[in-house]
$ cat work.tsv   # TSV, N, CA and C atoms
chain	number	residue	atom	x	y	z
A	1	MET	N	109.85	86.64	87.59
A	1	MET	CA	110.34	87.57	88.57
A	1	MET	C	111.46	86.88	89.35
A	2	ASP	N	112.55	87.58	89.55
A	2	ASP	CA	113.72	87.01	90.19
A	2	ASP	C	113.74	87.16	91.71
A	3	TRP	N	112.84	87.93	92.25
A	3	TRP	CA	112.85	88.23	93.68
A	3	TRP	C	111.78	87.42	94.39
A	4	ASP	N	112.17	86.65	95.40
A	4	ASP	CA	111.21	85.89	96.19
A	4	ASP	C	110.68	86.78	97.30
A	5	PHE	N	109.63	87.52	97.00
A	5	PHE	CA	109.09	88.49	97.95
A	5	PHE	C	108.53	87.82	99.20
A	6	THR	N	108.21	86.52	99.13
A	6	THR	CA	107.64	85.84	100.29
A	6	THR	C	108.64	85.69	101.42
A	7	GLU	N	109.93	85.87	101.13
A	7	GLU	CA	110.97	85.79	102.16
A	7	GLU	C	111.27	87.16	102.78
A	8	ASN	N	110.66	88.21	102.25
A	8	ASN	CA	110.89	89.57	102.72
A	8	ASN	C	110.12	89.82	104.02
A	9	ILE	N	110.77	90.46	104.98
A	9	ILE	CA	110.15	90.72	106.28
A	9	ILE	C	108.91	91.61	106.16
A	10	ALA	N	108.92	92.56	105.25
A	10	ALA	CA	107.74	93.41	105.05
A	10	ALA	C	106.57	92.58	104.52
A	11	PHE	N	106.86	91.65	103.62
A	11	PHE	CA	105.79	90.79	103.11
A	11	PHE	C	105.26	89.89	104.22
A	12	LYS	N	106.15	89.35	105.03
A	12	LYS	CA	105.71	88.48	106.12
A	12	LYS	C	104.79	89.23	107.08
A	13	SER	N	105.11	90.49	107.34
A	13	SER	CA	104.25	91.32	108.19
A	13	SER	C	102.91	91.57	107.50
A	14	LEU	N	102.95	91.86	106.21
A	14	LEU	CA	101.74	92.06	105.42
A	14	LEU	C	100.87	90.81	105.44
A	15	TYR	N	101.49	89.67	105.23
A	15	TYR	CA	100.78	88.40	105.21
A	15	TYR	C	100.12	88.12	106.56
A	16	ASP	N	100.86	88.33	107.63
A	16	ASP	CA	100.30	88.11	108.97
A	16	ASP	C	99.13	89.06	109.25
A	17	ALA	N	99.29	90.31	108.89
A	17	ALA	CA	98.23	91.30	109.12
A	17	ALA	C	96.98	90.95	108.30
A	18	PHE	N	97.17	90.50	107.06
A	18	PHE	CA	96.03	90.12	106.23
A	18	PHE	C	95.30	88.93	106.84
A	19	ASN	N	96.05	87.95	107.29
A	19	ASN	CA	95.43	86.76	107.89
A	19	ASN	C	94.71	87.06	109.19
A	20	GLU	N	95.17	88.07	109.92
A	20	GLU	CA	94.54	88.44	111.18
A	20	GLU	C	93.34	89.38	110.98
A	21	SER	N	93.23	89.93	109.80
A	21	SER	CA	92.13	90.86	109.52
A	21	SER	C	90.87	90.06	109.14
A	22	ASP	N	89.77	90.76	109.10
A	22	ASP	CA	88.51	90.17	108.67
A	22	ASP	C	88.31	90.31	107.17
A	23	GLU	N	89.27	90.93	106.50
A	23	GLU	CA	89.17	91.20	105.07
A	23	GLU	C	89.37	89.91	104.27
A	24	THR	N	88.56	89.73	103.24
A	24	THR	CA	88.71	88.56	102.37
A	24	THR	C	89.35	88.92	101.03
A	25	SER	N	89.33	90.20	100.69
A	25	SER	CA	89.92	90.67	99.44
A	25	SER	C	91.29	91.27	99.72
A	26	ALA	N	92.32	90.68	99.13
A	26	ALA	CA	93.67	91.20	99.32
A	26	ALA	C	93.80	92.61	98.76
A	27	LEU	N	93.16	92.86	97.63
A	27	LEU	CA	93.23	94.20	97.03
A	27	LEU	C	92.61	95.24	97.96
A	28	GLU	N	91.48	94.94	98.54
A	28	GLU	CA	90.85	95.86	99.49
A	28	GLU	C	91.76	96.08	100.70
A	29	PHE	N	92.38	95.02	101.19
A	29	PHE	CA	93.27	95.13	102.34
A	29	PHE	C	94.47	95.99	102.01
A	30	LEU	N	95.05	95.80	100.82
A	30	LEU	CA	96.22	96.58	100.42
A	30	LEU	C	95.89	98.06	100.30
A	31	SER	N	94.66	98.37	99.96
A	31	SER	CA	94.29	99.78	99.79
A	31	SER	C	93.81	100.42	101.09
A	32	SER	N	93.77	99.64	102.16
A	32	SER	CA	93.34	100.21	103.44
A	32	SER	C	94.35	99.86	104.53
A	33	ASP	N	94.04	98.91	105.36
A	33	ASP	CA	94.89	98.57	106.51
A	33	ASP	C	96.27	98.07	106.12
A	34	GLY	N	96.41	97.49	104.95
A	34	GLY	CA	97.69	96.94	104.54
A	34	GLY	C	98.56	97.90	103.75
A	35	ALA	N	98.11	99.12	103.57
A	35	ALA	CA	98.83	100.08	102.73
A	35	ALA	C	100.25	100.35	103.21
A	36	SER	N	100.44	100.49	104.51
A	36	SER	CA	101.79	100.78	105.01
A	36	SER	C	102.72	99.59	104.80
A	37	TYR	N	102.19	98.38	104.99
A	37	TYR	CA	103.00	97.19	104.73
A	37	TYR	C	103.36	97.09	103.25
A	38	TYR	N	102.39	97.37	102.40
A	38	TYR	CA	102.59	97.31	100.96
A	38	TYR	C	103.62	98.34	100.51
A	39	LEU	N	103.55	99.54	101.06
A	39	LEU	CA	104.52	100.58	100.73
A	39	LEU	C	105.93	100.15	101.11
A	40	GLU	N	106.08	99.58	102.29
A	40	GLU	CA	107.40	99.10	102.71
A	40	GLU	C	107.90	97.99	101.79
A	41	LEU	N	107.00	97.11	101.39
A	41	LEU	CA	107.37	96.04	100.47
A	41	LEU	C	107.82	96.60	99.12
A	42	MET	N	107.13	97.64	98.63
A	42	MET	CA	107.51	98.26	97.37
A	42	MET	C	108.87	98.94	97.48
A	43	GLN	N	109.14	99.55	98.62
A	43	GLN	CA	110.45	100.16	98.84
A	43	GLN	C	111.54	99.10	98.82
A	44	ASP	N	111.26	97.95	99.42
A	44	ASP	CA	112.22	96.86	99.40
A	44	ASP	C	112.42	96.33	97.99
A	45	ALA	N	111.34	96.28	97.21
A	45	ALA	CA	111.43	95.83	95.82
A	45	ALA	C	112.34	96.77	95.03
A	46	ALA	N	112.18	98.06	95.26
A	46	ALA	CA	113.04	99.03	94.58
A	46	ALA	C	114.49	98.82	94.98
A	47	GLY	N	114.71	98.51	96.24
A	47	GLY	CA	116.06	98.22	96.72
A	47	GLY	C	116.65	96.97	96.11
A	48	GLU	N	115.78	96.08	95.65
A	48	GLU	CA	116.23	94.85	94.98
A	48	GLU	C	116.44	95.06	93.49
A	49	GLY	N	116.21	96.30	93.02
A	49	GLY	CA	116.48	96.63	91.63
A	49	GLY	C	115.26	96.66	90.73
A	50	PHE	N	114.06	96.54	91.29
A	50	PHE	CA	112.86	96.61	90.47
A	50	PHE	C	112.57	98.05	90.10
A	51	ASP	N	112.26	98.27	88.84
A	51	ASP	CA	111.90	99.60	88.35
A	51	ASP	C	110.41	99.79	88.59
A	52	LEU	N	110.08	100.46	89.67
A	52	LEU	CA	108.68	100.63	90.03
A	52	LEU	C	107.96	101.62	89.12
A	53	GLY	N	108.70	102.28	88.26
A	53	GLY	CA	108.09	103.14	87.26
A	53	GLY	C	107.60	102.36	86.05
A	54	ASP	N	107.99	101.10	85.97
A	54	ASP	CA	107.56	100.21	84.89
A	54	ASP	C	106.21	99.62	85.28
A	55	ASN	N	105.15	100.12	84.65
A	55	ASN	CA	103.80	99.71	85.02
A	55	ASN	C	103.58	98.21	84.88
A	56	GLU	N	104.14	97.62	83.85
A	56	GLU	CA	103.97	96.19	83.64
A	56	GLU	C	104.62	95.39	84.78
A	57	MET	N	105.81	95.81	85.18
A	57	MET	CA	106.51	95.13	86.28
A	57	MET	C	105.75	95.29	87.59
A	58	MET	N	105.24	96.50	87.84
A	58	MET	CA	104.48	96.76	89.06
A	58	MET	C	103.20	95.93	89.09
A	59	GLU	N	102.52	95.87	87.97
A	59	GLU	CA	101.28	95.10	87.90
A	59	GLU	C	101.55	93.62	88.13
A	60	GLU	N	102.62	93.11	87.55
A	60	GLU	CA	102.97	91.71	87.74
A	60	GLU	C	103.27	91.42	89.22
A	61	LEU	N	104.04	92.28	89.85
A	61	LEU	CA	104.37	92.09	91.25
A	61	LEU	C	103.11	92.18	92.11
A	62	GLN	N	102.29	93.16	91.88
A	62	GLN	CA	101.05	93.32	92.65
A	62	GLN	C	100.15	92.11	92.47
A	63	ASP	N	100.01	91.62	91.24
A	63	ASP	CA	99.18	90.44	90.99
A	63	ASP	C	99.70	89.22	91.74
A	64	GLU	N	101.02	89.04	91.76
A	64	GLU	CA	101.60	87.91	92.48
A	64	GLU	C	101.38	88.03	93.98
A	65	ILE	N	101.49	89.23	94.51
A	65	ILE	CA	101.26	89.45	95.94
A	65	ILE	C	99.81	89.15	96.29
A	66	ILE	N	98.89	89.67	95.52
A	66	ILE	CA	97.46	89.45	95.76
A	66	ILE	C	97.13	87.96	95.67
A	67	GLU	N	97.62	87.32	94.64
A	67	GLU	CA	97.38	85.89	94.46
A	67	GLU	C	97.91	85.08	95.64
A	68	TYR	N	99.09	85.43	96.09
A	68	TYR	CA	99.69	84.70	97.22
A	68	TYR	C	98.85	84.92	98.50
A	69	LEU	N	98.47	86.16	98.75
A	69	LEU	CA	97.70	86.45	99.96
A	69	LEU	C	96.37	85.71	99.97
A	70	GLU	N	95.70	85.66	98.83
A	70	GLU	CA	94.38	85.06	98.77
A	70	GLU	C	94.41	83.53	98.69
A	71	ASN	N	95.52	82.96	98.30
A	71	ASN	CA	95.56	81.52	98.09
A	71	ASN	C	96.43	80.74	99.07
A	72	ASN	N	97.03	81.42	100.02
A	72	ASN	CA	97.89	80.72	100.98
A	72	ASN	C	97.49	81.03	102.41

$ encode --input "work.tsv" --output "structure tokens"
Amino acid sequence: MDWDFTENIAFKSLYDAFNESDETSALEFLSSDGASYYLELMQDAAGEGFDLGDNEMMEELQDEIIEYLENN
């Protein structure tokens, strides 16, 4: 992936909100309290040229986001 999403302001907000929450599962957080942050991040990804209609690309990005949230 060519886009460093960790430098994106929407991701930084998502990361901070996840760390401040009591949630331990990033996937659960993204589907509830983090949904608005995640949506903004996806909009930014589209603005960076990612084809969000490409399921494989979306899954890869989502997996990287979840992994980063849970491991950092």

$ residues_around --input "work.tsv" --residues "A:Ser36" --least-positions-apart "3" --cutoff "12 Å" --atoms "only C-alpha atoms" --output "ChimeraX atom specification"
/A:10-11,13-14,17,29-33,39-43

$ atom_distance --input "work.tsv" --atom1 "atom C of A:Leu69" --atom2 "atom C of A:Gly53"
24.4 Å

$ atom_distance --input "work.tsv" --atom1 "atom CA of A:Glu28" --atom2 "atom CA of A:Asn55"
19.8 Å

$ select_by_dssp --input "work.tsv" --residues "stretch 27-69 of chain A" --states "helix (DSSP H, G or I)" --output "JSON, numbers by chain"
{"A": [27, 28, 29, 30, 35, 36, 37, 38, 39, 40, 41, 42, 43, 44, 45, 46, 47, 55, 56, 57, 58, 59, 60, 61, 62, 63, 64, 65, 66, 67, 68, 69]}

$ write_last_selection --input "work.tsv" --atoms "N, CA and C atoms" --output "tab-separated table (two decimals), in the frame of the given file"
chain	number	residue	atom	x	y	z
A	27	LEU	N	93.16	92.86	97.63
A	27	LEU	CA	93.23	94.20	97.03
A	27	LEU	C	92.61	95.24	97.96
A	28	GLU	N	91.48	94.94	98.54
A	28	GLU	CA	90.85	95.86	99.49
A	28	GLU	C	91.76	96.08	100.70
A	29	PHE	N	92.38	95.02	101.19
A	29	PHE	CA	93.27	95.13	102.34
A	29	PHE	C	94.47	95.99	102.01
A	30	LEU	N	95.05	95.80	100.82
A	30	LEU	CA	96.22	96.58	100.42
A	30	LEU	C	95.89	98.06	100.30
A	35	ALA	N	98.11	99.12	103.57
A	35	ALA	CA	98.83	100.08	102.73
A	35	ALA	C	100.25	100.35	103.21
A	36	SER	N	100.44	100.49	104.51
A	36	SER	CA	101.79	100.78	105.01
A	36	SER	C	102.72	99.59	104.80
A	37	TYR	N	102.19	98.38	104.99
A	37	TYR	CA	103.00	97.19	104.73
A	37	TYR	C	103.36	97.09	103.25
A	38	TYR	N	102.39	97.37	102.40
A	38	TYR	CA	102.59	97.31	100.96
A	38	TYR	C	103.62	98.34	100.51
A	39	LEU	N	103.55	99.54	101.06
A	39	LEU	CA	104.52	100.58	100.73
A	39	LEU	C	105.93	100.15	101.11
A	40	GLU	N	106.08	99.58	102.29
A	40	GLU	CA	107.40	99.10	102.71
A	40	GLU	C	107.90	97.99	101.79
A	41	LEU	N	107.00	97.11	101.39
A	41	LEU	CA	107.37	96.04	100.47
A	41	LEU	C	107.82	96.60	99.12
A	42	MET	N	107.13	97.64	98.63
A	42	MET	CA	107.51	98.26	97.37
A	42	MET	C	108.87	98.94	97.48
A	43	GLN	N	109.14	99.55	98.62
A	43	GLN	CA	110.45	100.16	98.84
A	43	GLN	C	111.54	99.10	98.82
A	44	ASP	N	111.26	97.95	99.42
A	44	ASP	CA	112.22	96.86	99.40
A	44	ASP	C	112.42	96.33	97.99
A	45	ALA	N	111.34	96.28	97.21
A	45	ALA	CA	111.43	95.83	95.82
A	45	ALA	C	112.34	96.77	95.03
A	46	ALA	N	112.18	98.06	95.26
A	46	ALA	CA	113.04	99.03	94.58
A	46	ALA	C	114.49	98.82	94.98
A	47	GLY	N	114.71	98.51	96.24
A	47	GLY	CA	116.06	98.22	96.72
A	47	GLY	C	116.65	96.97	96.11
A	55	ASN	N	105.15	100.12	84.65
A	55	ASN	CA	103.80	99.71	85.02
A	55	ASN	C	103.58	98.21	84.88
A	56	GLU	N	104.14	97.62	83.85
A	56	GLU	CA	103.97	96.19	83.64
A	56	GLU	C	104.62	95.39	84.78
A	57	MET	N	105.81	95.81	85.18
A	57	MET	CA	106.51	95.13	86.28
A	57	MET	C	105.75	95.29	87.59
A	58	MET	N	105.24	96.50	87.84
A	58	MET	CA	104.48	96.76	89.06
A	58	MET	C	103.20	95.93	89.09
A	59	GLU	N	102.52	95.87	87.97
A	59	GLU	CA	101.28	95.10	87.90
A	59	GLU	C	101.55	93.62	88.13
A	60	GLU	N	102.62	93.11	87.55
A	60	GLU	CA	102.97	91.71	87.74
A	60	GLU	C	103.27	91.42	89.22
A	61	LEU	N	104.04	92.28	89.85
A	61	LEU	CA	104.37	92.09	91.25
A	61	LEU	C	103.11	92.18	92.11
A	62	GLN	N	102.29	93.16	91.88
A	62	GLN	CA	101.05	93.32	92.65
A	62	GLN	C	100.15	92.11	92.47
A	63	ASP	N	100.01	91.62	91.24
A	63	ASP	CA	99.18	90.44	90.99
A	63	ASP	C	99.70	89.22	91.74
A	64	GLU	N	101.02	89.04	91.76
A	64	GLU	CA	101.60	87.91	92.48
A	64	GLU	C	101.38	88.03	93.98
A	65	ILE	N	101.49	89.23	94.51
A	65	ILE	CA	101.26	89.45	95.94
A	65	ILE	C	99.81	89.15	96.29
A	66	ILE	N	98.89	89.67	95.52
A	66	ILE	CA	97.46	89.45	95.76
A	66	ILE	C	97.13	87.96	95.67
A	67	GLU	N	97.62	87.32	94.64
A	67	GLU	CA	97.38	85.89	94.46
A	67	GLU	C	97.91	85.08	95.64
A	68	TYR	N	99.09	85.43	96.09
A	68	TYR	CA	99.69	84.70	97.22
A	68	TYR	C	98.85	84.92	98.50
A	69	LEU	N	98.47	86.16	98.75
A	69	LEU	CA	97.70	86.45	99.96
A	69	LEU	C	96.37	85.71	99.97

$ residues_around --input "work.tsv" --residues "A:Ser25" --least-positions-apart "6" --cutoff "10 Å" --atoms "only C-alpha atoms" --output "PyMOL selection string"
chain A and resi 18+66+69-70

$ atom_distance --input "work.tsv" --atom1 "atom CA of A:Asp4" --atom2 "atom C of A:Glu59"
14.8 Å

$ closest_residue --input "work.tsv" --among "A:Thr24, A:Asn8, A:Asn71, A:Trp3" --to "A:Tyr38" --atoms "only C-alpha atoms"
A:Asn8

$ decode --input "work.tsv" --residues "chain A" --atoms "C-alpha atoms" --output "short mmCIF file (atom, residue, chain, number, x, y, z; two decimals), in the first residue's frame"
data_model
loop_
_atom_site.label_atom_id
_atom_site.label_comp_id
_atom_site.auth_asym_id
_atom_site.auth_seq_id
_atom_site.Cartn_x
_atom_site.Cartn_y
_atom_site.Cartn_z
CA MET A 1 0.00 0.00 0.00
CA ASP A 2 1.40 3.38 -1.00
CA TRP A 3 -0.55 5.52 1.46
CA ASP A 4 0.72 5.99 5.01
CA PHE A 5 -2.67 6.19 6.70
CA THR A 6 -1.03 6.64 10.12
CA GLU A 7 -0.16 10.22 9.14
CA ASN A 8 -3.80 11.03 8.27
CA ILE A 9 -5.64 13.31 10.71
CA ALA A 10 -8.77 11.12 10.59
CA PHE A 11 -6.68 8.08 11.51
CA LYS A 12 -5.00 9.97 14.35
CA SER A 13 -8.44 10.86 15.71
CA LEU A 14 -9.56 7.24 15.31
CA TYR A 15 -6.43 6.01 17.07
CA ASP A 16 -6.88 8.43 19.97
CA ALA A 17 -10.56 7.54 20.36
CA PHE A 18 -9.77 3.80 20.33
CA ASN A 19 -7.08 4.23 22.98
CA GLU A 20 -9.44 6.27 25.16
CA SER A 21 -12.24 3.73 24.85
CA ASP A 22 -12.67 0.61 26.95
CA GLU A 23 -12.87 -1.48 23.78
CA THR A 24 -10.16 -4.09 23.22
CA SER A 25 -11.29 -5.19 19.76
CA ALA A 26 -10.53 -2.72 16.99
CA LEU A 27 -13.12 -4.36 14.74
CA GLU A 28 -15.83 -3.92 17.38
CA PHE A 29 -14.76 -0.30 17.89
CA LEU A 30 -14.85 0.42 14.15
CA SER A 31 -18.38 -0.94 13.93
CA SER A 32 -19.64 1.17 16.82
CA ASP A 33 -18.06 4.26 18.37
CA GLY A 34 -15.32 4.48 15.76
CA ALA A 35 -17.59 4.27 12.73
CA SER A 36 -17.60 8.00 12.00
CA TYR A 37 -13.81 8.18 12.24
CA TYR A 38 -13.49 5.14 9.99
CA LEU A 39 -15.87 6.64 7.42
CA GLU A 40 -13.83 9.84 7.31
CA LEU A 41 -10.65 7.81 6.91
CA MET A 42 -12.21 5.87 4.01
CA GLN A 43 -13.22 9.14 2.36
CA ASP A 44 -9.64 10.34 2.68
CA ALA A 45 -8.41 7.05 1.20
CA ALA A 46 -10.68 7.59 -1.80
CA GLY A 47 -9.24 11.08 -2.13
CA GLU A 48 -5.78 9.51 -2.22
CA GLY A 49 -6.86 7.42 -5.21
CA PHE A 50 -7.87 4.15 -3.55
CA ASP A 51 -10.66 2.31 -5.33
CA LEU A 52 -12.94 1.53 -2.42
CA GLY A 53 -15.06 -0.61 -4.72
CA ASP A 54 -12.15 -3.05 -4.91
CA ASN A 55 -12.95 -5.53 -2.14
CA GLU A 56 -9.41 -6.84 -1.95
CA MET A 57 -7.97 -3.34 -1.55
CA MET A 58 -10.58 -2.44 1.08
CA GLU A 59 -9.93 -5.62 3.03
CA GLU A 60 -6.18 -5.02 2.96
CA LEU A 61 -6.60 -1.46 4.20
CA GLN A 62 -9.05 -2.48 6.92
CA ASP A 63 -6.74 -5.29 8.07
CA GLU A 64 -3.81 -2.89 8.30
CA ILE A 65 -5.87 -0.38 10.28
CA ILE A 66 -7.10 -3.04 12.71
CA GLU A 67 -3.62 -4.48 13.13
CA TYR A 68 -2.16 -1.04 13.81
CA LEU A 69 -4.86 -0.15 16.34
CA GLU A 70 -4.49 -3.39 18.26
CA ASN A 71 -0.69 -3.53 18.24
CA ASN A 72 0.39 0.06 18.86
#
